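Quick notes on the structure that follows.
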Amino acid sequence: MKHILAGLILSMLFAPVMAEEQSQPTQPTTTSSPSPDKKADTTKPEEKTNIVDFCRTHTC
Amino acid sequence: MNSLLKKTIFALSCMATSVTFAADAPHWTYDEQNVWGEIPSSLTPPGLPPYTECGLGQKQSPVDLGSTKLVASTNALKMQYLAEPLVISNNGHTLKVNTTTGSLNIGNEQYSLLQYHIHAPSEHVLNGKTYPAEIHFVHSTPDGKLAVVGVFIEEGKVNPEFQKILAHSPNQVQDVTVQGVTINPINLLPSSSIDRNKFFLYSGSLTTPPCTEGVNWYVLKKPIQLSKTQISTFETFYSDNARPNQPLNGRQVLEKQ
């Protein structure tokens with residue numbers, strides 16, 4: 001019975017990690033392909049506005 | 001058996017509790033800069049670009065400003081900063097002064113001063129030389145373009161304006177409006193407008209998550225002075241709140257003399 005409980009604990013410990021690894025999105029293709037300039041343009045207009053608000057209230 | 005089951009349930013409860021605390025903790029620290037880019041979107045403020053830019057960006061800040069290209073003329077900086085009531089935020093990463101007035105004109109573009117904050121040691125370096133601290137004056141246009149003016153701090157005379165920040169900053173993470181005290185950030189810049197127009201210019205990023213790129217940096221060549229005591233007093237709030245140098249990746253740093 002002790003072994004069963006130990007197995008249960010181990011499976012609970014590692015299940016989130018495994019789930020995270022499985023759900024981890026593949027890194028965006030921006031890793032190597034696009035030029036820096038093109039990448040900088042990917043910030044959406046609403047995100048720019050949000051960043052301004054964010055900078056007002058946080059370190060940035 | 002019952003005893004073992006109870007211990008197991010207790011252990012699992014502790015694990016769940018620690019996860020809850022972790023979720024409440026600050027989402028990034030200067031001790032874990034290598035994983036800033038891996039912070040999942042679920043933990044970041046809504047509506048912001050993902051923090052992946054911290055790890056994948058190719059135009060990141062700060063940089064070493066030592067390798068530069070001289071430019072004869074570029075748009076001048078016209079800071080129009082005004083005295084206003086002192087509102088300080090100790091936000092867990094730095095001391096930040098919140099502003100509602102103040103503007104920066106660069107050519108035909110007008111930027112509003114959003115806030116200014118301090119890093120120690122400096123984030124930008126000059127031919128490998130690090131200054132004791134650096135102030136960042138963060139500006140934006142109405143459509144979200146960001147320009148940051150960086151000012152190096154060296155050890156020297158007391159700066160009375162900076163003393164107001166030190167004297168009134170809360171020791172804990174907190175925002176305070178200091179009654180009856182005003183501060184004018186123009187006094188945290190080199191006093192001469194000529195010196196305020198000798199700078200290094202390059203395209204970089206925010207130096208903290210989300211490390212968003214497209215930020216125009218203007219780092220003044222002339223440092224301002226704080227006394228040794230003022231610098232060490234700031235360090236009692238924050239020391240080592242600086243991101244290390246990032247690769248230029250082909251970017252050119254321009255120098256306006």
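In the structure tokens, chains take the letters A, B, ... in the order shown, each chain's residues start at 1, and ligands count up from 1 in the order shown.
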Long-range neighbours of range 72-79 of chain B as a PDB file with N, CA, C and O atoms, in the first residue's frame, 6 Å cut-off, only C-alpha atoms, 5 positions minimum in chain:
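Here's the written file out30.pdb:
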```pdb
ATOM      1  N   LEU B 104       8.938  65.982 -23.942  1.00  0.00           N
ATOM      2  CA  LEU B 104      10.210  65.937 -24.669  1.00  0.00           C
ATOM      3  C   LEU B 104       9.894  66.101 -26.143  1.00  0.00           C
ATOM      4  O   LEU B 104       9.074  65.352 -26.689  1.00  0.00           O
ATOM      5  N   ASN B 105      10.512  67.084 -26.763  1.00  0.00           N
ATOM      6  CA  ASN B 105      10.346  67.264 -28.203  1.00  0.00           C
ATOM      7  C   ASN B 105      11.590  66.761 -28.921  1.00  0.00           C
ATOM      8  O   ASN B 105      12.712  67.136 -28.582  1.00  0.00           O
ATOM      9  N   ILE B 106      11.358  65.898 -29.892  1.00  0.00           N
ATOM     10  CA  ILE B 106      12.448  65.411 -30.742  1.00  0.00           C
ATOM     11  C   ILE B 106      12.014  65.688 -32.171  1.00  0.00           C
ATOM     12  O   ILE B 106      11.110  65.027 -32.687  1.00  0.00           O
ATOM     13  N   GLY B 107      12.613  66.701 -32.777  1.00  0.00           N
ATOM     14  CA  GLY B 107      12.140  67.122 -34.093  1.00  0.00           C
ATOM     15  C   GLY B 107      10.706  67.591 -33.981  1.00  0.00           C
ATOM     16  O   GLY B 107      10.371  68.399 -33.113  1.00  0.00           O
TER      17      GLY B 107
END
```
All residues 6 Å or closer to range 197-210 of chain B, only C-alpha atoms, same chain fewer than 2 positions away omitted, as a PyMOL selection string = (chain A and resi 60) or (chain B and resi 51+59-61+194-195+212-213+215-221+253-257)
(message) Considering only C-alpha atoms, can you say which of B:Thr94, B:Gln58, B:Ser232, B:Gln80 comes closest to His58 in chain A?
(response)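 When distances to His58 in chain A are compared using only C-alpha atoms, the smallest one comes from B:Thr94.
Residues lying within 7 Å of Leu95 in chain B, counting only C-alpha atoms and ignoring same-chain neighbours fewer than 6 positions away, are B:Ile88, B:Ser89, B:His117, B:Ile118.
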Q. Which is closer to Glu46 in chain A than all the others in B:Lys145, B:Lys96, B:Cys54, B:Ser103, using only C-alpha atoms?
A.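 Closest to Glu46 in chain A of all the choices is B:Lys145.
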The residue from B:Val87, B:Val71, B:Asn241, B:Val35 with the smallest atom-to-atom distance to Val178 in chain B, counting only C-alpha atoms, is B:Val87
Notebook entry, point to check: Nearest to chain A: which of B:Thr233, B:Ser239, B:Ser122, B:Asn98 is it, counting only C-alpha atoms?
Noted result: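 Using only C-alpha atoms, the shortest distance to chain A belongs to B:Asn98.
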Select from range 76-167 of chain B everything DSSP, run on the backbone, classes as strand (DSSP E), then give the selection as a ChimeraX atom specification. /B:77-80,84-90,95-98,103-106,109-119,133-140,146-155
Spatial neighbours of Glu47 in chain A, max dist 9 Å, only C-alpha atoms, sep filter under 2 positions, as a PyMOL selection string: (chain A and resi 43-45+49-52) or (chain B and resi 47-49+144)
Would you return as an MDAnalysis selection string the members of range 39-244 of chain B that DSSP assigns to alpha helix (DSSP H) on this structure's backbone?
chainID B and resid 53:56 160:168 228:237
